[in-house]
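Dumped coords_26.cif below, it's mmCIF, C-alpha atoms:
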```cif
data_protein
loop_
_atom_site.group_PDB
_atom_site.id
_atom_site.type_symbol
_atom_site.label_atom_id
_atom_site.label_comp_id
_atom_site.auth_asym_id
_atom_site.auth_seq_id
_atom_site.Cartn_x
_atom_site.Cartn_y
_atom_site.Cartn_z
ATOM 1 C CA MET A 1 2.270 81.891 170.679
ATOM 2 C CA LEU A 2 5.729 82.327 172.159
ATOM 3 C CA PRO A 3 7.726 79.156 172.737
ATOM 4 C CA ASP A 4 7.911 77.883 176.294
ATOM 5 C CA ALA A 5 10.241 80.042 178.382
ATOM 6 C CA PRO A 6 11.217 80.037 182.057
ATOM 7 C CA PRO A 7 8.950 82.630 183.747
ATOM 8 C CA ALA A 8 11.833 84.297 185.577
ATOM 9 C CA ALA A 9 13.887 84.641 182.391
ATOM 10 C CA PHE A 10 10.897 85.966 180.435
ATOM 11 C CA ALA A 11 10.181 88.553 183.133
ATOM 12 C CA ALA A 12 13.883 89.464 183.093
ATOM 13 C CA VAL A 13 13.987 90.132 179.336
ATOM 14 C CA ILE A 14 10.857 92.317 179.485
ATOM 15 C CA LEU A 15 12.218 94.347 182.420
ATOM 16 C CA ALA A 16 15.591 94.577 180.651
ATOM 17 C CA ASN A 17 14.023 96.160 177.596
ATOM 18 C CA VAL A 18 11.964 98.596 179.663
ATOM 19 C CA ALA A 19 15.124 99.678 181.509
ATOM 20 C CA LEU A 20 17.166 99.965 178.291
ATOM 21 C CA ALA A 21 14.452 102.106 176.677
ATOM 22 C CA PHE A 22 15.235 104.913 179.150
ATOM 23 C CA GLY A 23 18.851 105.078 177.910
ATOM 24 C CA PRO A 24 18.255 107.558 175.060
ATOM 25 C CA TRP A 25 16.483 109.961 177.431
ATOM 26 C CA PHE A 26 19.448 109.891 179.820
ATOM 27 C CA VAL A 27 21.828 110.522 176.899
ATOM 28 C CA ARG A 28 19.916 113.659 175.940
ATOM 29 C CA MET A 29 19.972 114.912 179.528
ATOM 30 C CA ALA A 30 23.732 114.364 179.997
ATOM 31 C CA ASP A 31 25.895 117.494 179.752
ATOM 32 C CA THR A 32 28.899 115.645 178.282
ATOM 33 C CA GLY A 33 29.424 114.581 174.687
ATOM 34 C CA PRO A 34 27.291 111.587 173.618
ATOM 35 C CA VAL A 35 30.210 109.136 173.408
ATOM 36 C CA ALA A 36 31.581 110.490 176.699
ATOM 37 C CA ALA A 37 28.164 109.740 178.216
ATOM 38 C CA ALA A 38 28.586 106.138 177.032
ATOM 39 C CA PHE A 39 32.038 106.086 178.631
ATOM 40 C CA TRP A 40 30.601 107.170 181.985
ATOM 41 C CA ARG A 41 27.721 104.699 181.672
ATOM 42 C CA ILE A 42 30.288 101.909 181.475
ATOM 43 C CA THR A 43 32.858 103.316 183.899
ATOM 44 C CA LEU A 44 30.356 104.047 186.683
ATOM 45 C CA ALA A 45 28.688 100.662 186.250
ATOM 46 C CA ALA A 46 31.920 98.635 186.162
ATOM 47 C CA PRO A 47 32.707 98.666 189.938
ATOM 48 C CA VAL A 48 29.124 97.640 190.738
ATOM 49 C CA LEU A 49 29.212 94.786 188.239
ATOM 50 C CA VAL A 50 32.673 93.581 189.306
ATOM 51 C CA ALA A 51 31.569 93.554 192.962
ATOM 52 C CA ALA A 52 28.380 91.701 192.004
ATOM 53 C CA ALA A 53 30.418 89.169 190.008
ATOM 54 C CA LEU A 54 32.687 88.505 192.999
ATOM 55 C CA VAL A 55 29.676 88.037 195.277
ATOM 56 C CA ALA A 56 27.735 85.891 192.795
ATOM 57 C CA GLY A 57 30.683 83.656 191.970
ATOM 58 C CA GLY A 58 30.117 81.007 189.328
ATOM 59 C CA GLY A 59 32.816 82.243 186.981
ATOM 60 C CA VAL A 60 33.930 80.030 184.113
ATOM 61 C CA ARG A 61 32.448 76.574 183.729
ATOM 62 C CA GLY A 62 34.822 73.748 182.877
ATOM 63 C CA GLN A 63 38.489 74.495 182.320
ATOM 64 C CA ARG A 64 40.233 77.730 183.259
ATOM 65 C CA PRO A 65 39.657 80.543 180.744
ATOM 66 C CA GLY A 66 42.094 80.331 177.867
ATOM 67 C CA TRP A 67 43.255 82.937 175.394
ATOM 68 C CA GLY A 68 40.377 82.047 173.094
ATOM 69 C CA LEU A 69 37.710 82.972 175.651
ATOM 70 C CA LEU A 70 39.605 86.083 176.753
ATOM 71 C CA GLY A 71 39.914 87.124 173.114
ATOM 72 C CA VAL A 72 36.169 86.759 172.573
ATOM 73 C CA LEU A 73 35.518 88.809 175.727
ATOM 74 C CA LEU A 74 37.875 91.529 174.523
ATOM 75 C CA LEU A 75 36.223 91.624 171.111
ATOM 76 C CA SER A 76 32.775 91.742 172.723
ATOM 77 C CA GLY A 77 33.885 94.728 174.783
ATOM 78 C CA ILE A 78 35.175 96.536 171.690
ATOM 79 C CA ALA A 79 31.987 95.733 169.750
ATOM 80 C CA PHE A 80 29.832 96.993 172.612
ATOM 81 C CA ALA A 81 31.917 100.177 172.869
ATOM 82 C CA GLY A 82 31.457 100.802 169.140
ATOM 83 C CA ASP A 83 27.741 100.065 169.391
ATOM 84 C CA LEU A 84 27.147 102.267 172.402
ATOM 85 C CA GLY A 85 29.257 105.203 171.221
ATOM 86 C CA THR A 86 27.750 105.222 167.719
ATOM 87 C CA TRP A 87 24.222 104.796 169.079
ATOM 88 C CA HIS A 88 24.678 107.731 171.468
ATOM 89 C CA LEU A 89 25.807 109.899 168.549
ATOM 90 C CA GLY A 90 22.652 108.932 166.662
ATOM 91 C CA ILE A 91 20.328 109.468 169.640
ATOM 92 C CA ARG A 92 20.982 113.212 169.603
ATOM 93 C CA GLN A 93 20.244 113.458 165.880
ATOM 94 C CA THR A 94 16.924 111.607 165.545
ATOM 95 C CA THR A 95 13.768 110.794 167.521
ATOM 96 C CA LEU A 96 13.888 108.511 170.560
ATOM 97 C CA ALA A 97 11.591 106.000 168.837
ATOM 98 C CA ASN A 98 13.749 105.773 165.705
ATOM 99 C CA ALA A 99 16.981 105.667 167.700
ATOM 100 C CA THR A 100 15.723 102.706 169.692
ATOM 101 C CA LEU A 101 14.143 100.908 166.751
ATOM 102 C CA PHE A 102 17.213 101.115 164.495
ATOM 103 C CA GLY A 103 19.576 100.523 167.401
ATOM 104 C CA ASN A 104 17.849 97.181 167.947
ATOM 105 C CA SER A 105 18.061 96.066 164.322
ATOM 106 C CA ALA A 106 20.377 93.356 165.661
ATOM 107 C CA THR A 107 17.536 90.849 165.581
ATOM 108 C CA LEU A 108 17.372 91.157 161.792
ATOM 109 C CA ILE A 109 21.084 90.464 161.405
ATOM 110 C CA PHE A 110 21.116 87.099 163.171
ATOM 111 C CA PRO A 111 19.297 85.325 160.297
ATOM 112 C CA ILE A 112 21.733 86.782 157.748
ATOM 113 C CA TYR A 113 24.609 85.607 159.934
ATOM 114 C CA GLY A 114 22.962 82.175 160.128
ATOM 115 C CA PHE A 115 22.508 81.992 156.360
ATOM 116 C CA LEU A 116 26.202 82.766 155.798
ATOM 117 C CA VAL A 117 27.352 80.201 158.363
ATOM 118 C CA ALA A 118 24.957 77.513 157.093
ATOM 119 C CA ARG A 119 25.487 78.518 153.428
ATOM 120 C CA ALA A 120 21.729 78.286 152.941
ATOM 121 C CA TRP A 121 19.218 80.551 151.225
ATOM 122 C CA PRO A 122 16.497 82.079 153.421
ATOM 123 C CA SER A 123 13.051 80.531 153.351
ATOM 124 C CA ARG A 124 10.212 82.452 151.720
ATOM 125 C CA VAL A 125 8.944 83.577 155.133
ATOM 126 C CA GLN A 126 12.376 84.831 156.119
ATOM 127 C CA ALA A 127 12.891 86.580 152.764
ATOM 128 C CA PHE A 128 9.476 88.224 153.133
ATOM 129 C CA ALA A 129 10.411 89.350 156.638
ATOM 130 C CA LEU A 130 13.608 90.963 155.375
ATOM 131 C CA LEU A 131 11.626 92.734 152.649
ATOM 132 C CA LEU A 132 9.170 94.070 155.247
ATOM 133 C CA ALA A 133 12.070 95.287 157.354
ATOM 134 C CA ALA A 134 13.620 97.090 154.383
ATOM 135 C CA LEU A 135 10.289 98.742 153.499
ATOM 136 C CA GLY A 136 9.583 99.744 157.102
ATOM 137 C CA GLY A 137 13.087 101.038 157.657
ATOM 138 C CA GLY A 138 13.011 102.985 154.401
ATOM 139 C CA LEU A 139 9.646 104.529 155.319
ATOM 140 C CA LEU A 140 10.912 105.612 158.739
ATOM 141 C CA MET A 141 14.123 107.058 157.317
ATOM 142 C CA GLY A 142 12.202 108.907 154.600
ATOM 143 C CA ARG A 143 9.814 110.375 157.149
ATOM 144 C CA SER A 144 12.727 111.393 159.374
ATOM 145 C CA TYR A 145 14.404 113.149 156.460
ATOM 146 C CA GLN A 146 11.200 115.016 155.570
ATOM 147 C CA ALA A 147 10.757 116.166 159.176
ATOM 148 C CA ASP A 148 14.420 117.196 159.506
ATOM 149 C CA PRO A 149 17.281 116.173 157.156
ATOM 150 C CA ARG A 150 19.534 115.791 160.195
ATOM 151 C CA HIS A 151 17.379 112.889 161.390
ATOM 152 C CA LEU A 152 18.561 110.733 158.482
ATOM 153 C CA VAL A 153 22.143 110.925 159.734
ATOM 154 C CA GLY A 154 20.944 109.925 163.204
ATOM 155 C CA ASP A 155 18.959 106.998 161.784
ATOM 156 C CA LEU A 156 21.996 105.739 159.844
ATOM 157 C CA LEU A 157 24.232 106.023 162.920
ATOM 158 C CA CYS A 158 21.707 104.041 164.973
ATOM 159 C CA LEU A 159 21.469 101.444 162.207
ATOM 160 C CA ALA A 160 25.266 101.070 162.242
ATOM 161 C CA ALA A 161 25.079 100.702 166.012
ATOM 162 C CA GLY A 162 22.528 97.928 165.535
ATOM 163 C CA VAL A 163 25.023 96.011 163.383
ATOM 164 C CA LEU A 164 27.644 96.298 166.126
ATOM 165 C CA TYR A 165 25.030 95.252 168.701
ATOM 166 C CA ALA A 166 24.443 92.084 166.681
ATOM 167 C CA VAL A 167 28.185 91.359 166.740
ATOM 168 C CA TYR A 168 28.135 91.889 170.518
ATOM 169 C CA PHE A 169 25.179 89.501 170.908
ATOM 170 C CA ILE A 170 26.860 86.819 168.800
ATOM 171 C CA LEU A 171 30.081 87.066 170.828
ATOM 172 C CA MET A 172 28.308 87.192 174.198
ATOM 173 C CA ALA A 173 26.182 84.151 173.308
ATOM 174 C CA ARG A 174 29.477 82.253 172.919
ATOM 175 C CA VAL A 175 30.757 83.630 176.211
ATOM 176 C CA ARG A 176 27.538 82.724 178.039
ATOM 177 C CA ALA A 177 28.034 79.085 177.027
ATOM 178 C CA ARG A 178 30.929 78.979 179.525
ATOM 179 C CA VAL A 179 30.590 82.001 181.832
ATOM 180 C CA ALA A 180 27.858 82.889 184.336
ATOM 181 C CA PRO A 181 25.825 86.017 183.419
ATOM 182 C CA VAL A 182 27.139 88.536 185.979
ATOM 183 C CA PRO A 183 30.856 87.736 185.499
ATOM 184 C CA ALA A 184 30.334 87.741 181.711
ATOM 185 C CA LEU A 185 28.751 91.197 181.789
ATOM 186 C CA ALA A 186 31.365 92.508 184.232
ATOM 187 C CA MET A 187 34.251 91.379 182.034
ATOM 188 C CA SER A 188 32.763 92.718 178.786
ATOM 189 C CA THR A 189 31.922 96.007 180.544
ATOM 190 C CA VAL A 190 35.498 96.480 181.758
ATOM 191 C CA ALA A 191 36.753 95.701 178.242
ATOM 192 C CA SER A 192 34.574 98.549 176.862
ATOM 193 C CA ILE A 193 36.004 101.346 179.042
ATOM 194 C CA ALA A 194 39.251 102.140 177.201
ATOM 195 C CA PRO A 195 37.788 101.976 173.657
ATOM 196 C CA LEU A 196 34.978 104.366 174.636
ATOM 197 C CA LEU A 197 37.392 106.856 176.203
ATOM 198 C CA VAL A 198 39.559 106.814 173.074
ATOM 199 C CA TYR A 199 36.433 107.195 170.894
ATOM 200 C CA ALA A 200 35.305 110.278 172.867
ATOM 201 C CA LEU A 201 38.776 111.855 172.881
ATOM 202 C CA VAL A 202 39.220 111.382 169.127
ATOM 203 C CA LEU A 203 35.917 113.213 168.570
ATOM 204 C CA GLY A 204 37.073 116.017 170.867
ATOM 205 C CA GLU A 205 34.068 115.677 173.156
ATOM 206 C CA ARG A 206 33.610 117.169 176.589
ATOM 207 C CA ILE A 207 34.414 114.367 179.024
ATOM 208 C CA TRP A 208 33.940 115.719 182.550
ATOM 209 C CA PRO A 209 30.322 116.573 183.498
ATOM 210 C CA ASP A 210 28.983 119.344 185.721
ATOM 211 C CA HIS A 211 25.961 117.269 186.678
ATOM 212 C CA TRP A 212 26.129 113.557 187.419
ATOM 213 C CA GLY A 213 22.460 112.634 187.833
ATOM 214 C CA ALA A 214 21.729 111.489 184.270
ATOM 215 C CA LEU A 215 25.044 109.614 184.001
ATOM 216 C CA ILE A 216 24.544 107.755 187.289
ATOM 217 C CA ALA A 217 20.968 106.882 186.292
ATOM 218 C CA MET A 218 22.209 105.636 182.909
ATOM 219 C CA ALA A 219 24.879 103.481 184.545
ATOM 220 C CA LEU A 220 22.492 101.898 187.047
ATOM 221 C CA VAL A 221 19.320 101.613 184.961
ATOM 222 C CA SER A 222 20.753 100.912 181.499
ATOM 223 C CA GLN A 223 23.982 99.031 182.200
ATOM 224 C CA VAL A 224 23.554 97.325 185.586
ATOM 225 C CA VAL A 225 19.821 96.546 185.419
ATOM 226 C CA GLY A 226 19.119 96.589 181.666
ATOM 227 C CA GLN A 227 22.207 94.828 180.302
ATOM 228 C CA GLY A 228 22.456 92.636 183.397
ATOM 229 C CA LEU A 229 18.959 91.222 182.907
ATOM 230 C CA MET A 230 19.523 90.986 179.136
ATOM 231 C CA ILE A 231 22.714 88.928 179.487
ATOM 232 C CA TYR A 232 20.956 86.677 182.007
ATOM 233 C CA ALA A 233 18.064 86.150 179.575
ATOM 234 C CA LEU A 234 20.439 85.588 176.649
ATOM 235 C CA GLY A 235 21.575 82.354 178.266
ATOM 236 C CA LYS A 236 18.051 81.168 179.093
ATOM 237 C CA LEU A 237 15.755 82.106 176.200
ATOM 238 C CA SER A 238 15.609 81.365 172.486
ATOM 239 C CA PRO A 239 16.507 84.031 169.895
ATOM 240 C CA LEU A 240 12.797 84.161 168.997
ATOM 241 C CA VAL A 241 11.786 85.335 172.469
ATOM 242 C CA ILE A 242 14.745 87.728 172.710
ATOM 243 C CA GLY A 243 13.905 89.187 169.296
ATOM 244 C CA ILE A 244 10.222 89.731 170.053
ATOM 245 C CA ALA A 245 11.019 91.181 173.483
ATOM 246 C CA LEU A 246 13.310 93.786 171.875
ATOM 247 C CA LEU A 247 10.154 95.351 170.433
ATOM 248 C CA VAL A 248 9.350 96.612 173.936
ATOM 249 C CA GLN A 249 12.176 99.154 173.668
ATOM 250 C CA PRO A 250 10.942 101.318 170.747
ATOM 251 C CA ILE A 251 7.420 101.289 172.212
ATOM 252 C CA VAL A 252 8.604 102.588 175.602
ATOM 253 C CA ALA A 253 11.143 104.995 174.054
ATOM 254 C CA GLY A 254 8.499 106.322 171.657
ATOM 255 C CA ALA A 255 6.171 106.984 174.594
ATOM 256 C CA ILE A 256 8.949 108.855 176.442
ATOM 257 C CA GLY A 257 9.756 110.902 173.328
ATOM 258 C CA TRP A 258 6.076 111.745 172.847
ATOM 259 C CA VAL A 259 5.504 112.822 176.477
ATOM 260 C CA VAL A 260 8.820 114.582 177.167
ATOM 261 C CA TYR A 261 9.808 116.024 173.762
ATOM 262 C CA GLY A 262 6.534 116.096 171.848
ATOM 263 C CA GLU A 263 7.894 113.679 169.212
ATOM 264 C CA ARG A 264 4.522 112.623 167.866
ATOM 265 C CA LEU A 265 4.301 109.572 165.629
ATOM 266 C CA GLY A 266 2.179 110.041 162.521
ATOM 267 C CA GLY A 267 0.383 107.370 160.508
ATOM 268 C CA PRO A 268 3.335 106.633 158.173
ATOM 269 C CA ASP A 269 5.655 106.386 161.197
ATOM 270 C CA LEU A 270 3.348 103.884 162.889
ATOM 271 C CA LEU A 271 3.133 101.896 159.632
ATOM 272 C CA GLY A 272 6.935 101.808 159.419
ATOM 273 C CA VAL A 273 7.177 100.609 163.021
ATOM 274 C CA ALA A 274 4.519 97.962 162.334
ATOM 275 C CA LEU A 275 6.381 96.672 159.249
ATOM 276 C CA VAL A 276 9.675 96.391 161.138
ATOM 277 C CA ALA A 277 7.885 94.784 164.095
ATOM 278 C CA ALA A 278 6.243 92.216 161.804
ATOM 279 C CA ALA A 279 9.632 91.507 160.234
ATOM 280 C CA LEU A 280 11.230 90.940 163.617
ATOM 281 C CA VAL A 281 8.532 88.431 164.526
ATOM 282 C CA LEU A 282 8.602 86.584 161.182
ATOM 283 C CA VAL A 283 12.361 86.432 160.810
ATOM 284 C CA ARG A 284 12.803 84.611 164.107
ATOM 285 C CA ARG A 285 10.082 82.013 163.493
ATOM 286 C CA LYS A 286 11.028 78.432 164.089
ATOM 287 C CA GLY A 287 8.474 77.268 161.602
ATOM 288 C CA ARG A 288 8.803 74.788 158.786
ATOM 289 C CA SER A 289 11.461 75.311 156.158
ATOM 290 C CA GLU A 290 9.820 76.357 152.911
ATOM 291 C CA ALA A 291 10.899 75.063 149.552
#
```
If you took the structure in this file and wrote it as structure tokens, what would it be?
Amino acid sequence: MLPDAPPAAFAAVILANVALAFGPWFVRMADTGPVAAAFWRITLAAPVLVAAALVAGGGVRGQRPGWGLLGVLLLSGIAFAGDLGTWHLGIRQTTLANATLFGNSATLIFPIYGFLVARAWPSRVQAFALLLAALGGGLLMGRSYQADPRHLVGDLLCLAAGVLYAVYFILMARVRARVAPVPALAMSTVASIAPLLVYALVLGERIWPDHWGALIAMALVSQVVGQGLMIYALGKLSPLVIGIALLVQPIVAGAIGWVVYGERLGGPDLLGVALVAAALVLVRRKGRSEA
């Protein structure tokens, strides 16, 4: 059973993950470089989010924002830029299912972060969950390499993006303690624009598109709707619910990859997904601490 959660927030996190699962498809359809596509996702969404933040109001709770809060917002923007740019690079080099699964490995990093902060060893359940995740991830990466050696590079890029996504989540959870969801997302989005442009230019990517449809869809569906609902839910739901809900993304992305690109999942792939899914559920359990 999931812990009690506000119905509106639970619906928001499910819809957020469905919307975010379409992101890899839009990246493949974009006629710019992958990091440039991330830049346009953010840049096109920023005016909408800033306008929504001004209309919604709320802003910062308590005292006026100090340098500490602004610094965390800036770092969250840089972390999100690194996550998004690296993930987009990986999306074009592996399957949609793997890209989404490894890109959401953030939920496995929170416990490790918690262990380091608390200076405590993981419980047996948590250690078992991490072992399952390692086995499942290794199986998926091995299968990707057998199908096409280039997929392994894509998997590793998406895994690195998942680490940066975890950093973004940790920082934004701190921001959400003081800032309403829409202003928080608007500020972190604006902070991501310049780093993504620099990232794309350093890689020598094509920046200006001939066709805008996929980029506009990515900005509205992935950033405005997907990240907007996710940041709202982040302030309302427990990490357990957020972590389990993230499993919606690889399921939806895998279905899109199967229908659109013929990226069929074989038995070993499904086993790998199941192992990682089980790990995500176990590692976020609030159960009893085991000796």
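Compared by their closest atoms to Pro34 in chain A, and using all atoms listed in the file, the residues A:Ala191, A:Leu201, A:Ala166, A:Leu116 rank with A:Leu201 nearest.
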Handout entry: Exercise: range 206-214 of chain A partners within 12 Å, only C-alpha atoms, chain neighbours under 4 positions left out, as a PyMOL selection string
Key = chain A and resi 22-41+44+196-202+218-222
Write the residues you've just listed into a file as a compact mmCIF listing (two decimals), in the coordinates of the input, and include C-alpha atoms for each of them.
```txt
# COMPACT_ATOMS: atom_id res chain seq x y z
CA PHE A 22 15.24 104.91 179.15
CA GLY A 23 18.85 105.08 177.91
CA PRO A 24 18.26 107.56 175.06
CA TRP A 25 16.48 109.96 177.43
CA PHE A 26 19.45 109.89 179.82
CA VAL A 27 21.83 110.52 176.90
CA ARG A 28 19.92 113.66 175.94
CA MET A 29 19.97 114.91 179.53
CA ALA A 30 23.73 114.36 180.00
CA ASP A 31 25.90 117.49 179.75
CA THR A 32 28.90 115.64 178.28
CA GLY A 33 29.42 114.58 174.69
CA PRO A 34 27.29 111.59 173.62
CA VAL A 35 30.21 109.14 173.41
CA ALA A 36 31.58 110.49 176.70
CA ALA A 37 28.16 109.74 178.22
CA ALA A 38 28.59 106.14 177.03
CA PHE A 39 32.04 106.09 178.63
CA TRP A 40 30.60 107.17 181.98
CA ARG A 41 27.72 104.70 181.67
CA LEU A 44 30.36 104.05 186.68
CA LEU A 196 34.98 104.37 174.64
CA LEU A 197 37.39 106.86 176.20
CA VAL A 198 39.56 106.81 173.07
CA TYR A 199 36.43 107.20 170.89
CA ALA A 200 35.30 110.28 172.87
CA LEU A 201 38.78 111.86 172.88
CA VAL A 202 39.22 111.38 169.13
CA MET A 218 22.21 105.64 182.91
CA ALA A 219 24.88 103.48 184.54
CA LEU A 220 22.49 101.90 187.05
CA VAL A 221 19.32 101.61 184.96
CA SER A 222 20.75 100.91 181.50
```
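For the set A:Leu75, A:Gly257, A:Ala233, A:Gly266, the residue with the smallest atom-to-atom gap to Pro7 in chain A is A:Ala233, counting all atoms listed in the file.
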Problem - Among listed residues A:Val48, A:Val248, A:Ala99, A:Val72, nearest Leu157 in chain A (using all atoms listed in the file) - result: A:Ala99
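Taking CA of Gly77 in chain A and CA of Ala51 in chain A as the two end points, the separation is 18.4 Å.
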Practice task
Record the distance separating CA of Leu135 in chain A and CA of Leu275 in chain A, expressed in Å with one decimal.
Solution key: 7.3 Å
If I wrap all listed atoms of range 29-34 of chain A in a box with edges along x, y and z and add 8 Å on each side, what are its centre and edge lengths in Å to one decimal, as lines of an AutoDock Vina configuration file?
```
center_x = 24.7
center_y = 114.5
center_z = 176.8
size_x = 25.5
size_y = 21.9
size_z = 22.4
```
Handout entry: For Ile78 in chain A, the nearest of the candidates A:Leu96, A:Val179, A:Ile216, A:Met172, counting only C-alpha atoms
Key = A:Met172
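Proximity of A:Ala173, A:Ala52, A:Ala12, A:Leu131 to Gly226 in chain A, computed with all atoms listed in the file, is greatest for A:Ala12.
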Exercise for the section: Check the smallest atom-to-atom distance from each of A:Leu84, A:Val224, A:Leu270, A:Ala97 to Ala186 in chain A using only C-alpha atoms, then report the winner. Expected result: A:Val224
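Taking CA of Ala16 in chain A as the reference point, CA of Gly228 in chain A is found at 7.6 Å.
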Handout entry: Shell of 10 Å around Val50 in chain A, all atoms listed in the file, local chain residues under 5 positions omitted, as a ChimeraX atom specification
Key = /A:45,55-56,182-187,189-190
Handout entry: Sel. within 12 Å of pt (24.7, 92.0, 169.5), counting all atoms listed in the file, output as number ranges by chain
Key = A: 75-84, 103-110, 113, 160-174, 227, 230-231, 234, 239, 242-243, 246
Requested write-out: C-alpha atoms of the selected residues, as a JSON list (two decimals), in the frame of the given file:
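The resulting selection18.json:
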```json
[["chain", "number", "residue", "atom", "x", "y", "z"],
["A", 75, "LEU", "CA", 36.22, 91.62, 171.11],
["A", 76, "SER", "CA", 32.78, 91.74, 172.72],
["A", 77, "GLY", "CA", 33.88, 94.73, 174.78],
["A", 78, "ILE", "CA", 35.17, 96.54, 171.69],
["A", 79, "ALA", "CA", 31.99, 95.73, 169.75],
["A", 80, "PHE", "CA", 29.83, 96.99, 172.61],
["A", 81, "ALA", "CA", 31.92, 100.18, 172.87],
["A", 82, "GLY", "CA", 31.46, 100.80, 169.14],
["A", 83, "ASP", "CA", 27.74, 100.06, 169.39],
["A", 84, "LEU", "CA", 27.15, 102.27, 172.40],
["A", 103, "GLY", "CA", 19.58, 100.52, 167.40],
["A", 104, "ASN", "CA", 17.85, 97.18, 167.95],
["A", 105, "SER", "CA", 18.06, 96.07, 164.32],
["A", 106, "ALA", "CA", 20.38, 93.36, 165.66],
["A", 107, "THR", "CA", 17.54, 90.85, 165.58],
["A", 108, "LEU", "CA", 17.37, 91.16, 161.79],
["A", 109, "ILE", "CA", 21.08, 90.46, 161.40],
["A", 110, "PHE", "CA", 21.12, 87.10, 163.17],
["A", 113, "TYR", "CA", 24.61, 85.61, 159.93],
["A", 160, "ALA", "CA", 25.27, 101.07, 162.24],
["A", 161, "ALA", "CA", 25.08, 100.70, 166.01],
["A", 162, "GLY", "CA", 22.53, 97.93, 165.54],
["A", 163, "VAL", "CA", 25.02, 96.01, 163.38],
["A", 164, "LEU", "CA", 27.64, 96.30, 166.13],
["A", 165, "TYR", "CA", 25.03, 95.25, 168.70],
["A", 166, "ALA", "CA", 24.44, 92.08, 166.68],
["A", 167, "VAL", "CA", 28.18, 91.36, 166.74],
["A", 168, "TYR", "CA", 28.14, 91.89, 170.52],
["A", 169, "PHE", "CA", 25.18, 89.50, 170.91],
["A", 170, "ILE", "CA", 26.86, 86.82, 168.80],
["A", 171, "LEU", "CA", 30.08, 87.07, 170.83],
["A", 172, "MET", "CA", 28.31, 87.19, 174.20],
["A", 173, "ALA", "CA", 26.18, 84.15, 173.31],
["A", 174, "ARG", "CA", 29.48, 82.25, 172.92],
["A", 227, "GLN", "CA", 22.21, 94.83, 180.30],
["A", 230, "MET", "CA", 19.52, 90.99, 179.14],
["A", 231, "ILE", "CA", 22.71, 88.93, 179.49],
["A", 234, "LEU", "CA", 20.44, 85.59, 176.65],
["A", 239, "PRO", "CA", 16.51, 84.03, 169.90],
["A", 242, "ILE", "CA", 14.74, 87.73, 172.71],
["A", 243, "GLY", "CA", 13.90, 89.19, 169.30],
["A", 246, "LEU", "CA", 13.31, 93.79, 171.88]]
```
Complete range 200-209 of chain A at the level of N, CA, C and O atoms, written as an mmCIF file, in the frame of the given file.
```cif
data_model
loop_
_atom_site.group_PDB
_atom_site.id
_atom_site.type_symbol
_atom_site.label_atom_id
_atom_site.label_comp_id
_atom_site.auth_asym_id
_atom_site.auth_seq_id
_atom_site.Cartn_x
_atom_site.Cartn_y
_atom_site.Cartn_z
ATOM 1 N N ALA A 200 35.738 108.940 172.473
ATOM 2 C CA ALA A 200 35.305 110.278 172.867
ATOM 3 C C ALA A 200 36.417 111.303 172.677
ATOM 4 O O ALA A 200 36.176 112.430 172.223
ATOM 5 N N LEU A 201 37.651 110.931 173.016
ATOM 6 C CA LEU A 201 38.776 111.855 172.881
ATOM 7 C C LEU A 201 39.069 112.172 171.419
ATOM 8 O O LEU A 201 39.376 113.320 171.063
ATOM 9 N N VAL A 202 38.979 111.162 170.559
ATOM 10 C CA VAL A 202 39.220 111.382 169.127
ATOM 11 C C VAL A 202 38.205 112.370 168.555
ATOM 12 O O VAL A 202 38.537 113.213 167.710
ATOM 13 N N LEU A 203 36.956 112.302 169.039
ATOM 14 C CA LEU A 203 35.917 113.213 168.570
ATOM 15 C C LEU A 203 36.014 114.588 169.224
ATOM 16 O O LEU A 203 35.261 115.513 168.845
ATOM 17 N N GLY A 204 36.906 114.732 170.192
ATOM 18 C CA GLY A 204 37.073 116.017 170.867
ATOM 19 C C GLY A 204 35.910 116.393 171.764
ATOM 20 O O GLY A 204 35.632 117.590 171.962
ATOM 21 N N GLU A 205 35.242 115.407 172.333
ATOM 22 C CA GLU A 205 34.068 115.677 173.156
ATOM 23 C C GLU A 205 34.443 116.161 174.554
ATOM 24 O O GLU A 205 35.544 115.921 175.044
ATOM 25 N N ARG A 206 33.472 116.816 175.183
ATOM 26 C CA ARG A 206 33.610 117.169 176.589
ATOM 27 C C ARG A 206 33.445 115.897 177.409
ATOM 28 O O ARG A 206 32.444 115.195 177.288
ATOM 29 N N ILE A 207 34.417 115.615 178.252
ATOM 30 C CA ILE A 207 34.414 114.367 179.024
ATOM 31 C C ILE A 207 33.835 114.558 180.420
ATOM 32 O O ILE A 207 32.977 113.790 180.850
ATOM 33 N N TRP A 208 34.314 115.572 181.131
ATOM 34 C CA TRP A 208 33.940 115.719 182.550
ATOM 35 C C TRP A 208 32.620 116.479 182.678
ATOM 36 O O TRP A 208 32.480 117.583 182.156
ATOM 37 N N PRO A 209 31.637 115.917 183.382
ATOM 38 C CA PRO A 209 30.322 116.573 183.498
ATOM 39 C C PRO A 209 30.269 117.578 184.655
ATOM 40 O O PRO A 209 31.065 117.505 185.587
#
```
